[in-house]
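What follows is work15.pdb (PDB, C-alpha atoms).
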ATOM      1  CA  MET A   1    -112.471  -1.546  14.016
ATOM      2  CA  TRP A   2    -115.491  -3.347  12.501
ATOM      3  CA  LEU A   3    -113.653  -3.393   9.166
ATOM      4  CA  LEU A   4    -110.667  -5.310  10.537
ATOM      5  CA  VAL A   5    -112.271  -8.796  10.674
ATOM      6  CA  PRO A   6    -113.392  -9.008   6.995
ATOM      7  CA  LEU A   7    -110.104  -7.305   6.009
ATOM      8  CA  TYR A   8    -108.076  -9.947   7.853
ATOM      9  CA  VAL A   9    -110.151 -12.804   6.374
ATOM     10  CA  LEU A  10    -109.826 -11.380   2.839
ATOM     11  CA  GLY A  11    -106.071 -10.933   3.288
ATOM     12  CA  VAL A  12    -105.607 -14.549   4.401
ATOM     13  CA  VAL A  13    -107.822 -15.858   1.546
ATOM     14  CA  ALA A  14    -105.896 -13.722  -1.005
ATOM     15  CA  LEU A  15    -102.564 -15.110   0.241
ATOM     16  CA  TRP A  16    -103.932 -18.674   0.164
ATOM     17  CA  ALA A  17    -105.189 -18.148  -3.410
ATOM     18  CA  ALA A  18    -101.873 -16.641  -4.581
ATOM     19  CA  PHE A  19     -99.579 -19.196  -2.922
ATOM     20  CA  ILE A  20    -101.604 -22.438  -2.722
ATOM     21  CA  HIS A  21    -104.706 -22.318  -4.938
ATOM     22  CA  ALA A  22    -102.985 -20.924  -8.073
ATOM     23  CA  PRO A  23    -100.611 -23.343  -9.837
ATOM     24  CA  THR A  24     -96.961 -22.501 -10.528
ATOM     25  CA  GLU A  25     -96.600 -20.815 -13.906
ATOM     26  CA  ARG A  26     -94.685 -23.075 -16.320
ATOM     27  CA  GLN A  27     -92.235 -20.544 -17.828
ATOM     28  CA  MET A  28     -91.709 -17.982 -15.043
ATOM     29  CA  GLY A  29     -91.931 -20.319 -12.061
ATOM     30  CA  GLU A  30     -92.630 -19.212  -8.467
ATOM     31  CA  VAL A  31     -91.803 -15.513  -9.019
ATOM     32  CA  GLN A  32     -94.958 -15.145 -11.161
ATOM     33  CA  ARG A  33     -96.970 -15.199  -7.883
ATOM     34  CA  ILE A  34     -96.049 -11.506  -7.474
ATOM     35  CA  PHE A  35     -98.528 -10.943 -10.341
ATOM     36  CA  TYR A  36    -101.657 -11.347  -8.158
ATOM     37  CA  PHE A  37    -100.870  -8.545  -5.699
ATOM     38  CA  HIS A  38     -99.122  -6.442  -8.381
ATOM     39  CA  VAL A  39    -102.331  -6.404 -10.475
ATOM     40  CA  GLY A  40    -104.479  -5.964  -7.343
ATOM     41  CA  ALA A  41    -102.463  -2.880  -6.367
ATOM     42  CA  ALA A  42    -102.632  -1.474  -9.926
ATOM     43  CA  TRP A  43    -106.418  -1.887 -10.088
ATOM     44  CA  THR A  44    -106.822  -0.244  -6.649
ATOM     45  CA  ALA A  45    -104.599   2.698  -7.669
ATOM     46  CA  PHE A  46    -106.647   3.225 -10.859
ATOM     47  CA  PHE A  47    -109.868   3.096  -8.833
ATOM     48  CA  ALA A  48    -108.473   5.526  -6.226
ATOM     49  CA  PHE A  49    -107.563   8.049  -8.944
ATOM     50  CA  PHE A  50    -111.019   7.601 -10.502
ATOM     51  CA  ILE A  51    -112.494   8.574  -7.122
ATOM     52  CA  VAL A  52    -110.193  11.671  -7.099
ATOM     53  CA  PHE A  53    -111.619  12.524 -10.544
ATOM     54  CA  VAL A  54    -115.239  12.102  -9.331
ATOM     55  CA  ALA A  55    -114.547  14.014  -6.089
ATOM     56  CA  GLY A  56    -113.013  16.847  -8.162
ATOM     57  CA  ILE A  57    -116.151  17.132 -10.293
ATOM     58  CA  LEU A  58    -118.368  17.019  -7.202
ATOM     59  CA  TYR A  59    -116.271  19.710  -5.501
ATOM     60  CA  LEU A  60    -116.487  22.054  -8.509
ATOM     61  CA  TRP A  61    -120.239  21.460  -8.657
ATOM     62  CA  ARG A  62    -121.126  21.599  -4.937
ATOM     63  CA  ARG A  63    -118.173  23.588  -3.507
ATOM     64  CA  SER A  64    -118.326  21.426  -0.385
ATOM     65  CA  PRO A  65    -114.958  21.068   1.468
ATOM     66  CA  PHE A  66    -115.909  17.428   2.118
ATOM     67  CA  TRP A  67    -115.265  16.495  -1.544
ATOM     68  CA  ASP A  68    -111.874  18.200  -1.444
ATOM     69  CA  GLU A  69    -110.810  16.178   1.624
ATOM     70  CA  PHE A  70    -112.352  13.001   0.183
ATOM     71  CA  GLY A  71    -110.423  13.440  -3.088
ATOM     72  CA  ALA A  72    -107.152  14.197  -1.289
ATOM     73  CA  ALA A  73    -107.573  11.094   0.902
ATOM     74  CA  SER A  74    -108.168   8.947  -2.179
ATOM     75  CA  ALA A  75    -105.157  10.456  -3.994
ATOM     76  CA  GLU A  76    -102.904   9.659  -1.031
ATOM     77  CA  ILE A  77    -104.016   6.012  -0.977
ATOM     78  CA  GLY A  78    -103.659   5.872  -4.776
ATOM     79  CA  VAL A  79    -100.031   7.007  -4.456
ATOM     80  CA  VAL A  80     -99.390   4.263  -1.850
ATOM     81  CA  PHE A  81    -100.791   1.561  -4.165
ATOM     82  CA  THR A  82     -98.929   2.962  -7.203
ATOM     83  CA  THR A  83     -95.731   2.782  -5.115
ATOM     84  CA  ILE A  84     -96.476  -0.920  -4.545
ATOM     85  CA  VAL A  85     -96.923  -1.396  -8.312
ATOM     86  CA  LEU A  86     -93.679   0.456  -9.106
ATOM     87  CA  THR A  87     -91.647  -1.542  -6.577
ATOM     88  CA  THR A  88     -93.069  -5.038  -7.128
ATOM     89  CA  GLY A  89     -92.820  -4.609 -10.924
ATOM     90  CA  PRO A  90     -88.996  -4.335 -11.042
ATOM     91  CA  ILE A  91     -88.610  -7.199  -8.517
ATOM     92  CA  TRP A  92     -90.645  -9.391 -10.874
ATOM     93  CA  ALA A  93     -88.991  -7.968 -14.033
ATOM     94  CA  ARG A  94     -85.377  -8.650 -12.958
ATOM     95  CA  PRO A  95     -85.464 -12.496 -13.157
ATOM     96  CA  ILE A  96     -87.924 -12.588 -16.105
ATOM     97  CA  TRP A  97     -86.822  -9.703 -18.398
ATOM     98  CA  ASN A  98     -83.265  -9.533 -17.068
ATOM     99  CA  THR A  99     -83.653  -5.849 -16.198
ATOM    100  CA  TRP A 100     -84.938  -3.940 -13.164
ATOM    101  CA  TRP A 101     -86.487  -1.146 -15.206
ATOM    102  CA  PRO A 102     -87.266  -1.467 -18.954
ATOM    103  CA  TRP A 103     -87.202   2.255 -19.861
ATOM    104  CA  GLY A 104     -88.626   1.708 -23.334
ATOM    105  CA  ASP A 105     -91.728  -0.058 -22.025
ATOM    106  CA  PRO A 106     -94.778   2.248 -22.337
ATOM    107  CA  ARG A 107     -96.694   0.755 -19.411
ATOM    108  CA  VAL A 108     -93.765   1.166 -17.019
ATOM    109  CA  THR A 109     -93.153   4.743 -18.190
ATOM    110  CA  THR A 110     -96.821   5.808 -18.085
ATOM    111  CA  THR A 111     -97.209   4.277 -14.604
ATOM    112  CA  LEU A 112     -94.193   6.258 -13.379
ATOM    113  CA  VAL A 113     -95.771   9.388 -14.919
ATOM    114  CA  LEU A 114     -99.030   8.553 -13.066
ATOM    115  CA  TRP A 115     -97.150   8.358  -9.748
ATOM    116  CA  LEU A 116     -95.384  11.668 -10.480
ATOM    117  CA  ILE A 117     -98.709  13.367 -11.368
ATOM    118  CA  TYR A 118    -100.239  12.549  -7.977
ATOM    119  CA  VAL A 119     -97.031  13.376  -6.086
ATOM    120  CA  ALA A 120     -97.243  16.756  -7.880
ATOM    121  CA  TYR A 121    -100.894  16.965  -6.710
ATOM    122  CA  PHE A 122     -99.641  16.927  -3.091
ATOM    123  CA  ILE A 123     -96.821  19.375  -3.836
ATOM    124  CA  LEU A 124     -99.498  21.711  -5.257
ATOM    125  CA  ARG A 125    -101.676  21.278  -2.161
ATOM    126  CA  SER A 126     -98.807  21.927   0.226
ATOM    127  CA  SER A 127     -97.776  25.055  -1.689
ATOM    128  CA  LEU A 128    -101.187  26.729  -1.274
ATOM    129  CA  PRO A 129    -102.900  27.885   1.946
ATOM    130  CA  GLU A 130    -105.926  25.860   3.056
ATOM    131  CA  GLY A 131    -109.160  27.138   1.606
ATOM    132  CA  GLU A 132    -111.299  27.507  -1.491
ATOM    133  CA  LYS A 133    -108.414  28.276  -3.876
ATOM    134  CA  ARG A 134    -106.424  25.180  -2.878
ATOM    135  CA  ALA A 135    -109.528  22.983  -3.152
ATOM    136  CA  ARG A 136    -110.408  24.383  -6.605
ATOM    137  CA  PHE A 137    -106.868  23.953  -7.964
ATOM    138  CA  SER A 138    -106.653  20.417  -6.531
ATOM    139  CA  ALA A 139    -110.020  19.461  -8.050
ATOM    140  CA  VAL A 140    -108.946  20.645 -11.516
ATOM    141  CA  PHE A 141    -105.539  18.950 -11.171
ATOM    142  CA  GLY A 142    -107.205  15.684 -10.041
ATOM    143  CA  ILE A 143    -109.587  15.754 -13.016
ATOM    144  CA  ILE A 144    -106.838  16.429 -15.582
ATOM    145  CA  GLY A 145    -104.409  13.992 -13.915
ATOM    146  CA  PHE A 146    -106.887  11.148 -14.361
ATOM    147  CA  ILE A 147    -106.291  11.288 -18.142
ATOM    148  CA  ASP A 148    -103.142   9.194 -17.561
ATOM    149  CA  VAL A 149    -105.120   6.253 -16.080
ATOM    150  CA  PRO A 150    -106.729   5.091 -19.376
ATOM    151  CA  ILE A 151    -103.373   5.767 -21.083
ATOM    152  CA  VAL A 152    -101.630   3.392 -18.624
ATOM    153  CA  PHE A 153    -104.352   0.785 -19.133
ATOM    154  CA  LEU A 154    -104.367   0.983 -22.941
ATOM    155  CA  SER A 155    -100.598   1.534 -23.400
ATOM    156  CA  ILE A 156     -99.979  -2.202 -23.929
ATOM    157  CA  ARG A 157    -102.503  -2.169 -26.787
ATOM    158  CA  TRP A 158    -101.407   1.114 -28.372
ATOM    159  CA  TRP A 159     -97.619   0.655 -28.378
ATOM    160  CA  ARG A 160     -95.055  -2.129 -28.605
ATOM    161  CA  THR A 161     -94.420  -3.485 -25.119
ATOM    162  CA  ILE A 162     -92.994  -6.480 -23.300
ATOM    163  CA  HIS A 163     -95.894  -6.369 -20.820
ATOM    164  CA  PRO A 164     -98.214  -9.328 -21.504
ATOM    165  CA  ILE A 165    -101.878  -8.637 -22.410
ATOM    166  CA  VAL A 166    -103.664 -10.839 -19.883
ATOM    167  CA  ILE A 167    -107.277  -9.703 -20.306
ATOM    168  CA  THR A 168    -108.554  -9.456 -23.877
ATOM    169  CA  ARG A 169    -111.989  -8.737 -25.364
ATOM    170  CA  THR A 170    -112.592 -12.452 -25.787
ATOM    171  CA  GLY A 171    -111.614 -13.421 -22.239
ATOM    172  CA  ASN A 172    -108.387 -13.913 -20.298
ATOM    173  CA  ARG A 173    -105.199 -15.855 -20.925
ATOM    174  CA  LEU A 174    -104.882 -17.274 -17.437
ATOM    175  CA  GLU A 175    -105.564 -20.692 -15.957
ATOM    176  CA  PRO A 176    -108.937 -20.563 -14.077
ATOM    177  CA  GLU A 177    -107.218 -20.857 -10.652
ATOM    178  CA  MET A 178    -104.808 -18.039 -11.551
ATOM    179  CA  PHE A 179    -107.703 -15.819 -12.656
ATOM    180  CA  GLN A 180    -109.549 -16.581  -9.399
ATOM    181  CA  ALA A 181    -106.432 -15.701  -7.355
ATOM    182  CA  MET A 182    -106.122 -12.408  -9.253
ATOM    183  CA  ILE A 183    -109.801 -11.510  -8.625
ATOM    184  CA  ILE A 184    -109.498 -12.349  -4.903
ATOM    185  CA  ALA A 185    -106.379 -10.105  -4.615
ATOM    186  CA  VAL A 186    -108.257  -7.313  -6.430
ATOM    187  CA  VAL A 187    -111.241  -7.656  -4.041
ATOM    188  CA  ALA A 188    -108.960  -7.736  -0.959
ATOM    189  CA  PHE A 189    -107.050  -4.596  -2.004
ATOM    190  CA  THR A 190    -110.284  -2.806  -2.993
ATOM    191  CA  PHE A 191    -111.697  -3.555   0.460
ATOM    192  CA  LEU A 192    -108.471  -2.306   2.066
ATOM    193  CA  TYR A 193    -108.770   0.842  -0.066
ATOM    194  CA  PHE A 194    -112.284   1.576   1.251
ATOM    195  CA  ALA A 195    -111.167   0.975   4.860
ATOM    196  CA  LEU A 196    -108.229   3.379   4.402
ATOM    197  CA  LEU A 197    -110.409   5.940   2.574
ATOM    198  CA  PHE A 198    -112.942   5.894   5.431
ATOM    199  CA  LEU A 199    -110.136   6.324   7.987
ATOM    200  CA  ARG A 200    -108.171   9.004   6.094
ATOM    201  CA  THR A 201    -111.208  11.121   5.156
ATOM    202  CA  GLY A 202    -112.266  11.116   8.824
ATOM    203  CA  MET A 203    -108.795  12.266   9.861
ATOM    204  CA  ARG A 204    -108.764  15.034   7.251
ATOM    205  CA  LEU A 205    -112.173  16.276   8.403
ATOM    206  CA  GLN A 206    -110.968  16.257  12.034
ATOM    207  CA  HIS A 207    -108.000  18.364  10.915
ATOM    208  CA  THR A 208    -110.423  20.844   9.279
ATOM    209  CA  VAL A 209    -112.435  21.053  12.531
ATOM    210  CA  ALA A 210    -109.196  21.725  14.453
ATOM    211  CA  GLU A 211    -108.294  24.535  12.025
ATOM    212  CA  GLU A 212    -111.758  26.100  12.494
ATOM    213  CA  MET A 213    -111.416  25.899  16.288
ATOM    214  CA  ALA A 214    -107.967  27.516  16.126
ATOM    215  CA  HIS A 215    -109.425  30.262  13.915
ATOM    216  CA  THR A 216    -112.249  30.886  16.433
ATOM    217  CA  LEU A 217    -109.719  31.143  19.263
ATOM    218  CA  ARG A 218    -107.567  33.611  17.288
ATOM    219  CA  GLU A 219    -110.635  35.765  16.520
ATOM    220  CA  ARG A 220    -111.658  35.827  20.184
ATOM    221  CA  SER A 221    -108.209  36.897  21.340
ATOM    222  CA  GLU A 222    -108.029  39.797  18.837
TER     223      GLU A 222
ATOM    224  CA  MET B   1     -89.131 -19.768  -1.521
ATOM    225  CA  ASN B   2     -87.806 -17.831  -4.483
ATOM    226  CA  GLY B   3     -85.796 -14.800  -3.281
ATOM    227  CA  TYR B   4     -87.477 -12.377  -5.687
ATOM    228  CA  LEU B   5     -90.927 -13.621  -4.659
ATOM    229  CA  PHE B   6     -90.032 -13.105  -0.991
ATOM    230  CA  ALA B   7     -88.690  -9.610  -1.770
ATOM    231  CA  GLY B   8     -91.866  -8.729  -3.715
ATOM    232  CA  TYR B   9     -94.220  -9.637  -0.873
ATOM    233  CA  ALA B  10     -91.889  -8.139   1.763
ATOM    234  CA  VAL B  11     -92.031  -4.826  -0.121
ATOM    235  CA  ILE B  12     -95.862  -4.912  -0.268
ATOM    236  CA  TRP B  13     -96.261  -5.490   3.487
ATOM    237  CA  THR B  14     -93.524  -2.982   4.351
ATOM    238  CA  ILE B  15     -95.152  -0.189   2.293
ATOM    239  CA  LEU B  16     -98.576  -0.909   3.831
ATOM    240  CA  LEU B  17     -97.113  -1.103   7.354
ATOM    241  CA  VAL B  18     -95.208   2.189   6.964
ATOM    242  CA  TYR B  19     -98.400   3.881   5.698
ATOM    243  CA  LEU B  20    -100.442   2.512   8.630
ATOM    244  CA  LEU B  21     -97.789   3.723  11.108
ATOM    245  CA  TYR B  22     -97.878   7.160   9.425
ATOM    246  CA  LEU B  23    -101.693   7.249   9.769
ATOM    247  CA  ASN B  24    -101.460   6.203  13.411
ATOM    248  CA  LYS B  25     -98.946   8.991  14.171
ATOM    249  CA  LYS B  26    -101.050  11.542  12.287
ATOM    250  CA  GLN B  27    -104.249  10.488  14.134
ATOM    251  CA  ARG B  28    -102.555  10.878  17.518
ATOM    252  CA  GLN B  29    -101.337  14.376  16.554
ATOM    253  CA  ILE B  30    -104.844  15.430  15.439
ATOM    254  CA  SER B  31    -106.491  14.004  18.583
ATOM    255  CA  ARG B  32    -103.955  15.799  20.811
ATOM    256  CA  ARG B  33    -104.536  19.107  18.953
ATOM    257  CA  LEU B  34    -108.332  18.774  19.144
ATOM    258  CA  ARG B  35    -108.136  18.071  22.901
ATOM    259  CA  SER B  36    -105.894  21.060  23.519
ATOM    260  CA  LEU B  37    -108.106  23.389  21.433
ATOM    261  CA  SER B  38    -111.264  22.156  23.210
ATOM    262  CA  ASP B  39    -109.603  22.818  26.579
ATOM    263  CA  SER B  40    -108.615  26.350  25.479
ATOM    264  CA  ILE B  41    -112.155  27.155  24.271
ATOM    265  CA  ARG B  42    -113.689  25.738  27.481
ATOM    266  CA  HIS B  43    -111.216  27.758  29.563
ATOM    267  CA  GLU B  44    -112.090  30.971  27.679
ATOM    268  CA  ASP B  45    -115.834  30.295  28.044
ATOM    269  CA  LEU B  46    -115.413  29.897  31.809
ATOM    270  CA  GLU B  47    -113.444  33.149  32.032
ATOM    271  CA  GLU B  48    -116.242  34.991  30.197
TER     272      GLU B  48
END

Translate this structure into structure tokens?
Amino acid sequence: MWLLVPLYVLGVVALWAAFIHAPTERQMGEVQRIFYFHVGAAWTAFFAFFIVFVAGILYLWRRSPFWDEFGAASAEIGVVFTTIVLTTGPIWARPIWNTWWPWGDPRVTTTLVLWLIYVAYFILRSSLPEGEKRARFSAVFGIIGFIDVPIVFLSIRWWRTIHPIVITRTGNRLEPEMFQAMIIAVVAFTFLYFALLFLRTGMRLQHTVAEEMAHTLRERSE
Amino acid sequence: MNGYLFAGYAVIWTILLVYLLYLNKKQRQISRRLRSLSDSIRHEDLEE
């Protein structure tokens, strides 16, 4: 509950920055304002999958079930934010590129692959019984799956794409107010990510405790 | 407001709301299960 107040304030400030503080883009018009939350969601998804990668390494090193649950919680939130990216993207693309889904675009395709990788991560988890084997397989899958994140990020530099390169080595190609609105959206979504991670990890650990209690009861009755 | 812009933000809030409702449902299920398991263990301890 203590996270709700700063979360609410950040959400309101991010909306103010996206709709009032940032000027209307000259070529794309009002629809460009999707950009701020689209980028914020993409950054948060990348960060969430990085945490899955780190949690996977920590699990393989420490063999603590906590890191397995922590990684799974982060992967779930990463999938939610990638879903936001994959749905807001086409809504923005339709009036600007005149297509809902540019199949030849490497960033769009690699982002879809990223979403599919982490959906497969949950299919893998649900196909194995709870325990050490499931945690080990998930950790390895989460580590290998992360390879797609730098590919998504660098795809617009490696291949021909219609996605604009906004941030370059020399700076960014945005008006200062637009850049500020983007950073505020990134901070707001990152904060939301941590709140959800805290909540979801707690729930997963409670589920583990319930499974242990059920196991104890079964042993007693035998 | 531009229709596409409205649709974009509506989608963002809808996805987040659906996820929060899912978490809320899941939390209630876990709490109920933990309560019922605690009651069963307490009941067995009393019987012993």

Enumerate, as a ChimeraX atom specification, the residues matched when the PyMOL selection byres ((chain B) within 8 of (chain A)) is run on the file above. /B:1-2,4-5,7-9,11-12,15-16,19,23,27,30,33-34,37-38,40-41

Residues returned when the PyMOL selection byres ((chain A and resi 189-195) around 7) runs on this file, as an MDAnalysis selection string: chainID A and resid 3 7 40:41 44 185:188 196:199

Picked residues, the PyMOL selection byres ((chain A and resi 161-168) around 9), expected as a list in words: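 Those residues are Trp97, Pro102, Gly104, Asp105, Pro106, Arg107, Val108, Ser155, Ile156, Arg157, Trp158, Trp159, Arg160, Arg169, Thr170, Gly171, Asn172, Arg173 and Leu174 of chain A.
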
Could you check how far atom CA of Ile123 of chain A sits from atom CA of Ala72 of chain A, in Å to one decimal? 11.8 Å

In Å, rounded to a single decimal, give me how far atom CA of Ala181 of chain A is from atom CA of His21 of chain A. 7.3 Å

Atom CA of Met182 of chain A to atom CA of Val119 of chain A, distance in Å rounded to a single decimal: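 Distance reported for this atom pair: 27.5 Å.
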
Using only C-alpha atoms, find the one residue out of A:Ile143, A:Ala14, A:Val5, A:Ala135 that sits nearest to Phe49 of chain A.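 Using only C-alpha atoms, the shortest distance to Phe49 of chain A belongs to A:Ile143.
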
N, CA and C atoms restored at segment 42-72 of chain A, emitted as a PDB file, keeping the file's coordinate frame:
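Okay, out.pdb is ready:
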ATOM      1  N   ALA A  42    -102.434  -2.348  -8.753  1.00  0.00           N
ATOM      2  CA  ALA A  42    -102.632  -1.474  -9.926  1.00  0.00           C
ATOM      3  C   ALA A  42    -104.109  -1.118 -10.084  1.00  0.00           C
ATOM      4  N   TRP A  43    -104.971  -2.120  -9.981  1.00  0.00           N
ATOM      5  CA  TRP A  43    -106.418  -1.887 -10.088  1.00  0.00           C
ATOM      6  C   TRP A  43    -106.873  -0.890  -9.009  1.00  0.00           C
ATOM      7  N   THR A  44    -106.409  -1.098  -7.763  1.00  0.00           N
ATOM      8  CA  THR A  44    -106.822  -0.244  -6.649  1.00  0.00           C
ATOM      9  C   THR A  44    -106.341   1.196  -6.867  1.00  0.00           C
ATOM     10  N   ALA A  45    -105.118   1.352  -7.388  1.00  0.00           N
ATOM     11  CA  ALA A  45    -104.599   2.698  -7.669  1.00  0.00           C
ATOM     12  C   ALA A  45    -105.454   3.385  -8.732  1.00  0.00           C
ATOM     13  N   PHE A  46    -105.788   2.658  -9.794  1.00  0.00           N
ATOM     14  CA  PHE A  46    -106.647   3.225 -10.859  1.00  0.00           C
ATOM     15  C   PHE A  46    -107.990   3.664 -10.268  1.00  0.00           C
ATOM     16  N   PHE A  47    -108.564   2.807  -9.437  1.00  0.00           N
ATOM     17  CA  PHE A  47    -109.868   3.096  -8.833  1.00  0.00           C
ATOM     18  C   PHE A  47    -109.761   4.322  -7.913  1.00  0.00           C
ATOM     19  N   ALA A  48    -108.676   4.388  -7.142  1.00  0.00           N
ATOM     20  CA  ALA A  48    -108.473   5.526  -6.226  1.00  0.00           C
ATOM     21  C   ALA A  48    -108.391   6.838  -7.011  1.00  0.00           C
ATOM     22  N   PHE A  49    -107.691   6.821  -8.144  1.00  0.00           N
ATOM     23  CA  PHE A  49    -107.563   8.049  -8.944  1.00  0.00           C
ATOM     24  C   PHE A  49    -108.882   8.375  -9.658  1.00  0.00           C
ATOM     25  N   PHE A  50    -109.684   7.359  -9.944  1.00  0.00           N
ATOM     26  CA  PHE A  50    -111.019   7.601 -10.502  1.00  0.00           C
ATOM     27  C   PHE A  50    -111.880   8.327  -9.455  1.00  0.00           C
ATOM     28  N   ILE A  51    -111.740   7.923  -8.205  1.00  0.00           N
ATOM     29  CA  ILE A  51    -112.494   8.574  -7.122  1.00  0.00           C
ATOM     30  C   ILE A  51    -112.024  10.033  -6.960  1.00  0.00           C
ATOM     31  N   VAL A  52    -110.714  10.285  -7.143  1.00  0.00           N
ATOM     32  CA  VAL A  52    -110.193  11.671  -7.099  1.00  0.00           C
ATOM     33  C   VAL A  52    -110.864  12.493  -8.210  1.00  0.00           C
ATOM     34  N   PHE A  53    -110.976  11.893  -9.387  1.00  0.00           N
ATOM     35  CA  PHE A  53    -111.619  12.524 -10.544  1.00  0.00           C
ATOM     36  C   PHE A  53    -113.086  12.870 -10.218  1.00  0.00           C
ATOM     37  N   VAL A  54    -113.817  11.897  -9.670  1.00  0.00           N
ATOM     38  CA  VAL A  54    -115.239  12.102  -9.331  1.00  0.00           C
ATOM     39  C   VAL A  54    -115.366  13.162  -8.226  1.00  0.00           C
ATOM     40  N   ALA A  55    -114.501  13.054  -7.207  1.00  0.00           N
ATOM     41  CA  ALA A  55    -114.547  14.014  -6.089  1.00  0.00           C
ATOM     42  C   ALA A  55    -114.237  15.430  -6.599  1.00  0.00           C
ATOM     43  N   GLY A  56    -113.345  15.539  -7.579  1.00  0.00           N
ATOM     44  CA  GLY A  56    -113.013  16.847  -8.162  1.00  0.00           C
ATOM     45  C   GLY A  56    -114.224  17.466  -8.840  1.00  0.00           C
ATOM     46  N   ILE A  57    -114.939  16.643  -9.608  1.00  0.00           N
ATOM     47  CA  ILE A  57    -116.151  17.132 -10.293  1.00  0.00           C
ATOM     48  C   ILE A  57    -117.188  17.561  -9.247  1.00  0.00           C
ATOM     49  N   LEU A  58    -117.369  16.716  -8.239  1.00  0.00           N
ATOM     50  CA  LEU A  58    -118.368  17.019  -7.202  1.00  0.00           C
ATOM     51  C   LEU A  58    -117.994  18.287  -6.429  1.00  0.00           C
ATOM     52  N   TYR A  59    -116.676  18.484  -6.199  1.00  0.00           N
ATOM     53  CA  TYR A  59    -116.271  19.710  -5.501  1.00  0.00           C
ATOM     54  C   TYR A  59    -116.602  20.944  -6.349  1.00  0.00           C
ATOM     55  N   LEU A  60    -116.244  20.890  -7.640  1.00  0.00           N
ATOM     56  CA  LEU A  60    -116.487  22.054  -8.509  1.00  0.00           C
ATOM     57  C   LEU A  60    -117.980  22.344  -8.651  1.00  0.00           C
ATOM     58  N   TRP A  61    -118.786  21.308  -8.535  1.00  0.00           N
ATOM     59  CA  TRP A  61    -120.239  21.460  -8.657  1.00  0.00           C
ATOM     60  C   TRP A  61    -120.851  21.968  -7.347  1.00  0.00           C
ATOM     61  N   ARG A  62    -120.499  21.300  -6.231  1.00  0.00           N
ATOM     62  CA  ARG A  62    -121.126  21.599  -4.937  1.00  0.00           C
ATOM     63  C   ARG A  62    -120.370  22.613  -4.076  1.00  0.00           C
ATOM     64  N   ARG A  63    -119.060  22.735  -4.308  1.00  0.00           N
ATOM     65  CA  ARG A  63    -118.173  23.588  -3.507  1.00  0.00           C
ATOM     66  C   ARG A  63    -118.180  23.192  -2.025  1.00  0.00           C
ATOM     67  N   SER A  64    -118.362  21.896  -1.769  1.00  0.00           N
ATOM     68  CA  SER A  64    -118.326  21.426  -0.385  1.00  0.00           C
ATOM     69  C   SER A  64    -116.906  20.971  -0.036  1.00  0.00           C
ATOM     70  N   PRO A  65    -116.328  21.471   1.087  1.00  0.00           N
ATOM     71  CA  PRO A  65    -114.958  21.068   1.468  1.00  0.00           C
ATOM     72  C   PRO A  65    -114.818  19.551   1.656  1.00  0.00           C
ATOM     73  N   PHE A  66    -115.962  18.888   1.932  1.00  0.00           N
ATOM     74  CA  PHE A  66    -115.909  17.428   2.118  1.00  0.00           C
ATOM     75  C   PHE A  66    -115.306  16.742   0.888  1.00  0.00           C
ATOM     76  N   TRP A  67    -115.738  17.155  -0.315  1.00  0.00           N
ATOM     77  CA  TRP A  67    -115.265  16.495  -1.544  1.00  0.00           C
ATOM     78  C   TRP A  67    -113.786  16.760  -1.792  1.00  0.00           C
ATOM     79  N   ASP A  68    -113.305  17.902  -1.321  1.00  0.00           N
ATOM     80  CA  ASP A  68    -111.874  18.200  -1.444  1.00  0.00           C
ATOM     81  C   ASP A  68    -111.074  17.234  -0.556  1.00  0.00           C
ATOM     82  N   GLU A  69    -111.516  17.068   0.689  1.00  0.00           N
ATOM     83  CA  GLU A  69    -110.810  16.178   1.624  1.00  0.00           C
ATOM     84  C   GLU A  69    -110.928  14.715   1.169  1.00  0.00           C
ATOM     85  N   PHE A  70    -112.094  14.367   0.671  1.00  0.00           N
ATOM     86  CA  PHE A  70    -112.352  13.001   0.183  1.00  0.00           C
ATOM     87  C   PHE A  70    -111.409  12.687  -0.992  1.00  0.00           C
ATOM     88  N   GLY A  71    -111.294  13.622  -1.926  1.00  0.00           N
ATOM     89  CA  GLY A  71    -110.423  13.440  -3.088  1.00  0.00           C
ATOM     90  C   GLY A  71    -108.959  13.351  -2.680  1.00  0.00           C
ATOM     91  N   ALA A  72    -108.553  14.211  -1.737  1.00  0.00           N
ATOM     92  CA  ALA A  72    -107.152  14.197  -1.289  1.00  0.00           C
ATOM     93  C   ALA A  72    -106.823  12.880  -0.584  1.00  0.00           C
TER      94      ALA A  72
END
